[in-house]
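Below is the file structure-v9.csv, which contains CSV, C-alpha atoms and all ligand atoms.
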chain,number,residue,atom,x,y,z
A,520,MET,CA,92.6,64.3,106.9
A,521,SER,CA,94.7,67.3,107.9
A,522,ALA,CA,96.9,68.7,105.2
A,523,HIS,CA,99.7,69.0,107.8
A,524,SER,CA,101.1,65.8,109.1
A,525,SER,CA,103.6,67.6,111.3
A,526,PHE,CA,104.2,71.1,112.9
A,527,ARG,CA,107.4,72.6,114.3
A,528,LEU,CA,106.7,73.4,118.0
A,529,GLY,CA,105.6,77.0,118.3
A,530,GLU,CA,104.9,77.4,114.6
A,531,VAL,CA,101.9,79.6,113.8
A,532,GLY,CA,98.8,77.4,113.6
A,533,ALA,CA,100.5,74.5,115.4
A,534,PRO,CA,98.1,72.5,117.6
A,535,ALA,CA,98.8,72.1,121.3
A,536,GLU,CA,101.1,69.3,122.3
A,537,ASP,CA,99.2,66.1,123.2
A,538,SER,CA,95.9,67.5,121.9
A,539,ASP,CA,93.5,65.3,119.9
A,540,ALA,CA,94.3,64.9,116.2
A,541,GLY,CA,91.2,63.0,115.0
A,542,PRO,CA,90.3,59.4,114.4
A,543,THR,CA,93.2,57.1,114.0
A,544,LYS,CA,91.8,55.1,111.1
A,545,ASP,CA,93.8,56.8,108.3
A,546,LEU,CA,97.1,56.3,110.3
A,547,THR,CA,96.3,52.6,110.8
A,548,ASP,CA,95.4,52.2,107.1
A,549,ALA,CA,98.6,53.9,106.1
A,550,TYR,CA,100.7,51.7,108.4
A,551,ILE,CA,99.1,48.5,107.0
A,552,ALA,CA,99.6,49.8,103.4
A,553,SER,CA,103.3,50.4,104.2
A,554,ARG,CA,103.7,46.9,105.5
A,555,VAL,CA,102.1,45.5,102.4
A,556,ARG,CA,104.3,47.6,100.1
A,557,SER,CA,107.5,46.6,102.0
A,558,TYR,CA,106.8,42.9,101.8
A,559,ARG,CA,105.7,43.2,98.2
A,560,ARG,CA,109.0,44.9,97.3
A,561,GLN,CA,110.9,42.1,99.1
A,562,ALA,CA,108.9,39.4,97.3
A,563,LYS,CA,109.5,40.9,93.8
A,564,ARG,CA,113.2,41.4,94.5
A,565,SER,CA,113.7,37.8,95.7
A,566,PHE,CA,111.6,36.5,92.7
A,567,GLN,CA,113.8,38.4,90.3
A,568,GLU,CA,116.9,36.9,91.9
A,569,ALA,CA,115.4,33.4,91.8
A,570,GLN,CA,114.7,33.7,88.1
A,571,ARG,CA,118.2,34.9,87.4
A,572,LEU,CA,119.7,32.1,89.6
A,573,ALA,CA,117.5,29.3,88.1
A,574,VAL,CA,119.7,29.2,85.0
A,575,GLY,CA,122.9,28.0,86.7
A,576,ASN,CA,122.2,27.4,90.4
A,577,LYS,CA,119.0,25.6,91.1
A,578,SER,CA,119.4,25.2,94.9
A,579,ALA,CA,120.2,28.9,95.3
A,580,ALA,CA,117.1,29.7,93.2
A,581,GLU,CA,115.0,27.4,95.4
A,582,GLU,CA,116.2,29.3,98.5
A,583,ARG,CA,115.4,32.6,96.9
A,584,VAL,CA,112.0,31.7,95.6
A,585,LYS,CA,111.1,30.4,99.1
A,586,GLN,CA,111.9,33.8,100.4
A,587,ALA,CA,109.9,35.4,97.7
A,588,LEU,CA,106.8,33.3,98.5
A,589,ASP,CA,107.2,33.9,102.2
A,590,ALA,CA,107.3,37.7,101.6
A,591,ALA,CA,104.4,37.5,99.2
A,592,ALA,CA,102.3,35.6,101.8
A,593,ARG,CA,103.1,38.2,104.4
A,594,ALA,CA,102.1,41.0,102.1
A,595,PHE,CA,98.8,39.1,101.5
A,596,TRP,CA,98.2,38.7,105.2
A,597,TRP,CA,98.7,42.4,105.9
A,598,ALA,CA,96.4,43.2,103.0
A,599,GLU,CA,93.7,40.7,104.0
A,600,ASP,CA,90.2,42.2,103.7
A,601,SER,CA,91.5,45.4,102.3
A,602,GLU,CA,91.5,46.7,98.7
A,603,LEU,CA,95.1,45.6,98.4
A,604,GLU,CA,94.4,41.9,99.0
A,605,GLY,CA,93.7,40.9,95.3
A,606,GLN,CA,97.0,42.2,94.1
A,607,GLN,CA,99.0,40.3,96.7
A,608,HIS,CA,97.0,37.1,96.0
A,609,GLN,CA,97.9,37.4,92.3
A,610,LEU,CA,101.6,37.9,93.1
A,611,MET,CA,101.6,34.9,95.3
A,612,HIS,CA,100.2,32.7,92.5
A,613,LYS,CA,102.5,34.2,89.9
A,614,ILE,CA,105.6,33.3,91.9
A,615,GLY,CA,104.1,29.9,92.9
A,616,ARG,CA,103.4,28.9,89.3
A,617,TRP,CA,106.8,29.9,88.2
A,618,LYS,CA,108.3,27.8,91.0
A,619,ARG,CA,106.2,24.8,90.3
A,620,LYS,CA,107.1,24.9,86.6
A,621,ASN,CA,110.8,25.7,86.9
A,622,LEU,CA,111.9,24.2,90.2
A,623,GLY,CA,108.9,22.1,91.4
A,624,CYS,CA,106.9,22.4,94.6
A,625,SER,CA,106.2,19.3,96.7
A,626,LEU,CA,105.0,18.4,100.1
A,627,SER,CA,107.6,17.8,102.8
A,628,PHE,CA,108.0,14.2,104.0
A,629,ASN,CA,109.4,13.7,107.5
A,630,GLY,CA,109.2,10.9,110.0
A,631,GLY,CA,106.7,9.0,107.9
A,632,THR,CA,104.2,11.8,107.5
A,633,TYR,CA,103.6,14.5,104.9
A,634,ALA,CA,103.2,18.2,105.7
A,635,GLN,CA,102.5,21.2,103.6
A,636,ARG,CA,105.1,23.9,104.0
A,637,CYS,CA,104.4,25.9,100.8
A,638,SER,CA,103.6,29.5,101.7
A,639,VAL,CA,100.9,29.6,98.9
A,640,ALA,CA,99.1,26.7,100.4
A,641,ILE,CA,99.3,28.0,104.0
A,642,ALA,CA,98.0,31.4,102.9
A,643,HIS,CA,94.9,29.7,101.4
A,644,LYS,CA,93.9,28.4,104.8
A,645,LYS,CA,92.2,31.3,106.4
A,646,MET,CA,93.6,30.8,109.9
A,647,GLY,CA,96.2,32.0,112.3
A,648,LEU,CA,97.4,32.0,115.8
A,649,SER,CA,96.1,34.1,118.6
A,650,MET,CA,98.0,34.6,121.9
A,651,GLY,CA,95.8,35.0,125.0
A,652,PHE,CA,97.9,36.8,127.6
A,653,THR,CA,97.7,39.4,130.3
A,654,ALA,CA,100.3,42.2,130.6
A,655,THR,CA,100.5,45.8,131.7
A,656,ARG,CA,100.4,47.9,128.6
A,657,ILE,CA,102.1,51.3,128.8
A,658,CYS,CA,100.5,54.1,126.8
A,659,SER,CA,102.9,55.3,124.1
A,660,VAL,CA,101.7,58.9,124.5
A,661,CYS,CA,101.7,59.5,128.3
A,662,ARG,CA,103.8,56.4,129.3
A,663,ARG,CA,101.3,55.5,132.0
A,664,ASP,CA,99.4,52.3,132.4
A,665,LEU,CA,96.9,52.3,129.5
A,666,ALA,CA,94.2,50.5,131.5
A,667,SER,CA,94.4,53.0,134.4
A,668,ASP,CA,92.5,56.2,135.0
A,669,ASP,CA,95.8,58.1,134.9
A,670,CYS,CA,95.9,57.7,131.1
A,671,PRO,CA,93.4,59.9,129.3
A,672,HIS,CA,94.0,58.5,125.8
A,673,PHE,CA,91.8,56.5,123.5
A,674,ARG,CA,92.9,53.7,121.2
A,675,ASP,CA,90.8,54.9,118.3
A,676,ARG,CA,92.0,58.6,118.5
A,677,SER,CA,95.3,60.1,117.4
A,678,TYR,CA,97.2,62.8,119.2
A,679,TRP,CA,99.7,65.5,118.3
A,680,VAL,CA,102.9,64.3,120.0
A,681,ARG,CA,106.5,65.3,120.1
A,682,GLY,CA,108.9,63.0,118.3
A,683,GLY,CA,112.0,61.2,119.6
A,684,ALA,CA,112.9,58.8,122.4
A,685,ASP,CA,113.8,60.2,125.9
A,686,ALA,CA,114.6,58.8,129.3
A,687,ASP,CA,111.0,57.8,130.0
A,688,GLY,CA,110.3,55.9,126.9
A,689,PRO,CA,110.6,55.3,123.1
A,690,CYS,CA,109.5,57.8,120.4
A,691,ARG,CA,105.8,58.5,120.7
A,692,VAL,CA,105.4,58.5,116.9
A,693,CYS,CA,107.0,55.2,116.0
A,694,THR,CA,107.8,53.5,119.4
A,695,GLN,CA,111.4,53.0,118.3
A,696,ASP,CA,114.3,53.9,120.5
A,697,SER,CA,116.2,55.4,117.6
A,698,CYS,CA,114.5,57.2,114.7
A,699,LYS,CA,114.4,60.4,112.7
A,700,HIS,CA,111.4,62.0,114.5
A,701,ARG,CA,112.4,65.3,115.9
A,702,THR,CA,111.9,66.5,119.5
A,703,ASP,CA,111.0,70.0,118.3
A,704,THR,CA,108.2,68.8,116.0
A,705,LEU,CA,104.7,67.6,116.6
A,706,TYR,CA,103.4,64.6,114.7
A,707,ARG,CA,100.1,62.8,114.5
A,708,ALA,CA,100.4,59.5,116.2
A,709,SER,CA,98.2,56.6,117.3
A,710,VAL,CA,98.1,55.2,120.8
A,711,VAL,CA,100.2,52.1,121.1
A,712,GLY,CA,100.1,49.7,124.1
A,713,ILE,CA,103.7,49.1,124.8
A,714,ILE,CA,104.6,45.7,126.4
A,715,SER,CA,108.1,45.6,127.9
A,716,ALA,CA,110.2,43.3,130.1
A,717,GLN,CA,108.5,45.1,133.1
A,718,SER,CA,105.0,44.3,131.9
A,719,ASN,CA,104.6,41.0,133.8
A,720,MET,CA,103.3,39.3,130.8
A,721,VAL,CA,101.5,36.0,131.5
A,722,LEU,CA,100.7,33.8,128.6
A,723,HIS,CA,97.4,31.9,129.1
A,724,GLU,CA,96.8,30.1,125.8
A,725,ILE,CA,97.5,30.0,122.1
A,726,SER,CA,94.5,29.3,120.0
A,727,ILE,CA,93.7,29.1,116.3
A,728,VAL,CA,91.5,31.8,114.9
A,729,ARG,CA,90.1,32.8,111.5
A,730,LYS,CA,92.0,36.1,111.4
A,731,PRO,CA,94.8,36.8,113.9
A,732,ALA,CA,95.3,40.2,115.4
A,733,GLN,CA,98.9,40.0,114.4
A,734,PRO,CA,98.7,39.4,110.7
A,735,GLU,CA,101.9,37.4,110.5
A,736,ALA,CA,101.1,34.9,113.3
A,737,ARG,CA,100.4,31.9,111.1
A,738,LEU,CA,101.2,28.2,111.1
A,739,THR,CA,104.5,27.3,109.4
A,740,GLU,CA,103.2,24.0,108.3
A,741,LEU,CA,100.0,22.2,107.8
A,742,PRO,CA,99.8,18.5,108.7
A,743,ILE,CA,98.5,16.2,106.0
A,744,ASP,CA,96.6,13.0,106.7
A,745,THR,CA,98.5,10.2,104.9
A,746,GLN,CA,95.3,8.1,104.7
A,747,GLU,CA,93.4,10.8,102.9
A,748,LEU,CA,96.4,11.3,100.6
A,749,ALA,CA,96.4,7.6,99.7
A,750,GLU,CA,92.7,7.7,98.9
A,751,HIS,CA,93.2,10.8,96.8
A,752,LEU,CA,96.2,9.4,94.8
A,753,GLY,CA,95.1,5.8,94.3
A,754,SER,CA,96.7,2.4,94.6
A,755,ASN,CA,100.1,3.4,93.2
A,756,PHE,CA,100.8,5.7,96.1
A,757,LEU,CA,103.5,4.7,98.5
A,758,PRO,CA,104.3,6.8,101.5
A,759,GLY,CA,107.6,8.6,100.9
A,760,VAL,CA,107.2,9.3,97.2
A,761,SER,CA,107.3,12.9,96.2
A,762,VAL,CA,103.9,14.5,96.1
A,763,SER,CA,103.5,17.8,94.2
A,764,CYS,CA,101.8,20.8,95.7
A,765,ASP,CA,98.6,21.6,93.7
A,766,GLN,CA,98.3,25.1,95.0
A,767,CYS,CA,101.1,26.2,92.8
A,768,LEU,CA,99.9,24.4,89.7
A,769,GLY,CA,97.4,26.5,87.8
A,770,GLY,CA,94.7,28.8,88.8
A,771,CYS,CA,93.4,29.5,92.3
A,772,SER,CA,91.4,26.7,93.8
A,773,GLY,CA,90.0,29.0,96.4
A,774,PHE,CA,90.4,29.6,100.1
A,775,ILE,CA,89.6,27.2,102.8
A,776,GLU,CA,87.7,28.8,105.6
A,777,PHE,CA,88.7,28.0,109.2
A,778,SER,CA,85.7,26.2,110.8
A,779,GLY,CA,86.9,25.6,114.3
A,780,GLN,CA,85.3,27.0,117.4
A,781,ASP,CA,86.3,30.6,117.6
A,801,ZN,ZN,98.0,57.8,127.8
A,802,ZN,ZN,110.1,57.9,115.9
A,803,ZN,ZN,103.2,25.1,96.5
A,804,ZN,ZN,94.5,31.7,95.4
Starting from the coordinates I provided, produce the structure as structure tokens.
Ligand SMILES: [Zn+2]
Ligand SMILES: [Zn+2]
Ligand SMILES: [Zn+2]
Ligand SMILES: [Zn+2]
Amino acid sequence: MSAHSSFRLGEVGAPAEDSDAGPTKDLTDAYIASRVRSYRRQAKRSFQEAQRLAVGNKSAAEERVKQALDAAARAFWWAEDSELEGQQHQLMHKIGRWKRKNLGCSLSFNGGTYAQRCSVAIAHKKMGLSMGFTATRICSVCRRDLASDDCPHFRDRSYWVRGGADADGPCRVCTQDSCKHRTDTLYRASVVGIISAQSNMVLHEISIVRKPAQPEARLTELPIDTQELAEHLGSNFLPGVSVSCDQCLGGCSGFIEFSGQD
């Protein structure tokens, strides 16, 4: 893309404010990569802490490794279907294996039924939640209704916009109210549909989909059929006994594709 990612207003060669700045794909990819990196860093930091704590404080180590797996799963979800996916998948298994070996990983048992709450197992089910709703989305560039003819911007294009929040809305570059983007500088930015308290959001349904638009919208636990478990484990199985999580045992046993109506 352009060698310049920002221009001081009035600088020689600076583009016109709000002019087209090319397709938005590289910005989207960069954003996704930054989310992956940030969660990966969190995962590694928590994993290191867990390993350190495991020597003398098992319950603290368990808490920390849970956070590590949660962050690793989030990194994996953001990386899904990109070249970054494989690395996050590996990290998830590495932390999971260590947990299983040193602290154990088992199904949760509550109210007579088992559930899978292990992040590794949940991440191996290719499914997530999708929210069906209607709301007025405000264009981050012109602050008008994104669906109306008053907004001339396209979701797949980027624009040269001035940084910083003002009385009419958040920063056009990062959509935050407080940030480091300067009002005397033009940055390349994607169009974001801003939903606020004034957007009259109406939620219609929540459904399960193969790949959610919001990568982190996932189930927090998977129910497990006790009957099936009994068949799997044989006659010695009594509901209530501790059942280990296989996902964290050895190698990867593959992904389970979501097969519901989509
Ligand atoms: Zn607009
Ligand atoms: Zn900003
Ligand atoms: Zn597990
Ligand atoms: Zn795997």
Surrounding residues of Ser525 of chain A excluding itself and chain neighbours under 2 positions, 8 Å, all atoms listed in the file, as a list of chain:residue names =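 Selected residues are A:His523, A:Arg527, A:Thr704, A:Leu705, A:Tyr706, A:Arg707.
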Ligand ZN 801 (chain A) neighbours within 8 Å using only C-alpha atoms and all ligand atoms, as a PyMOL selection string = chain A and resi 657-665+669-673+710
Given a cut-off of 7 Å, what residues near ligand ZN 802 (chain A) show up using all atoms listed in the file, put as a PyMOL selection string?
-> chain A and resi 682-683+690-695+697-700
Provide the atom CA of Ile743 of chain A to atom CA of Gln635 of chain A distance in Å, to one decimal place.
-> 6.8 Å
Which is closest to ligand ZN 803 (chain A) among A:Ala580, A:Cys637, A:Ala540, A:Ala594, if we use all atoms listed in the file?
->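 Of A:Ala580, A:Cys637, A:Ala540, A:Ala594, the one nearest ligand ZN 803 (chain A), counting all atoms listed in the file, is A:Cys637.
For the atom pair formed by atom ZN of ligand ZN 804 (chain A) and atom CA of Arg616 of chain A, the distance is 11.1 Å, given to one decimal.
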Would you compute an axis-aligned box for segment 553-570 of chain A, covering every atom listed for it in the file with 6 Å of margin on each side, and report centre and edge lengths in Å to one decimal as lines of an AutoDock Vina configuration file?
center_x = 109.5
center_y = 41.9
center_z = 96.8
size_x = 26.8
size_y = 29.0
size_z = 29.4
Please indicate the distance in Å from atom CA of Asp675 of chain A to atom CA of Thr543 of chain A, rounded to one decimal place.
-> 5.4 Å
Kindly compile the residues surrounding ligand ZN 804 (chain A) within 12 Å, counting only C-alpha atoms and all ligand atoms, and format them as a PyMOL selection string.
-> chain A and resi 592+595+604-616+638-645+765-775
Which polymer residues have any atom within 12 Å of an atom of Val760 of chain A, counting only C-alpha atoms, with same-chain residues fewer than 4 positions away left out, as a list in words?
-> Ser625, Leu626, Ser627, Phe628, Asn629, Gly631, Thr632, Tyr633, Thr745, Leu748, Ala749, Leu752, Asn755 and Phe756 of chain A
Can you work out which one of A:Ala569, A:Ala634, A:Cys624, A:Ala708 has the shortest atom-to-atom distance to ligand ZN 803 (chain A), counting all atoms listed in the file?
->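 Counting all atoms listed in the file, the residue closest to ligand ZN 803 (chain A) is A:Cys624.
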With distances taken over all atoms listed in the file, which of A:Gly529, A:Ala587, A:Leu722, A:Ala579 is nearest to Arg564 of chain A?
->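 Using all atoms listed in the file, the shortest distance to Arg564 of chain A belongs to A:Ala587.
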Find the residue from A:Thr655, A:Val555, A:Val721, A:Ser709 that sits nearest to Glu599 of chain A; use only C-alpha atoms when measuring.
->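 Going through A:Thr655, A:Val555, A:Val721, A:Ser709 one by one, the smallest distance to Glu599 of chain A is for A:Val555.
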Find the residues with any atom within 7 Å of (98.9, 30.8, 113.9); use all atoms listed in the file and the coordinates as given in the file, and write the answer as an MDAnalysis selection string.
-> chainID A and resid 646:649 727 736:738
Pick from A:Ala716, A:Val762, A:Ala562, A:Ile725, whichever lies nearest to ligand ZN 803 (chain A) using all atoms listed in the file =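 Nearest candidate to ligand ZN 803 (chain A) out of A:Ala716, A:Val762, A:Ala562, A:Ile725: A:Val762.
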For Asp545 of chain A, which of A:Ser524, A:Gln733, A:Gln567, A:Thr653 is the closest residue, counting only C-alpha atoms?
-> A:Ser524
Any idea what's packed within 8 Å of Glu581 of chain A, counting all atoms listed in the file, ignoring anything in its chain fewer than 4 positions away? Could you give it as a PyMOL selection string?
-> chain A and resi 569+573+577+585+622
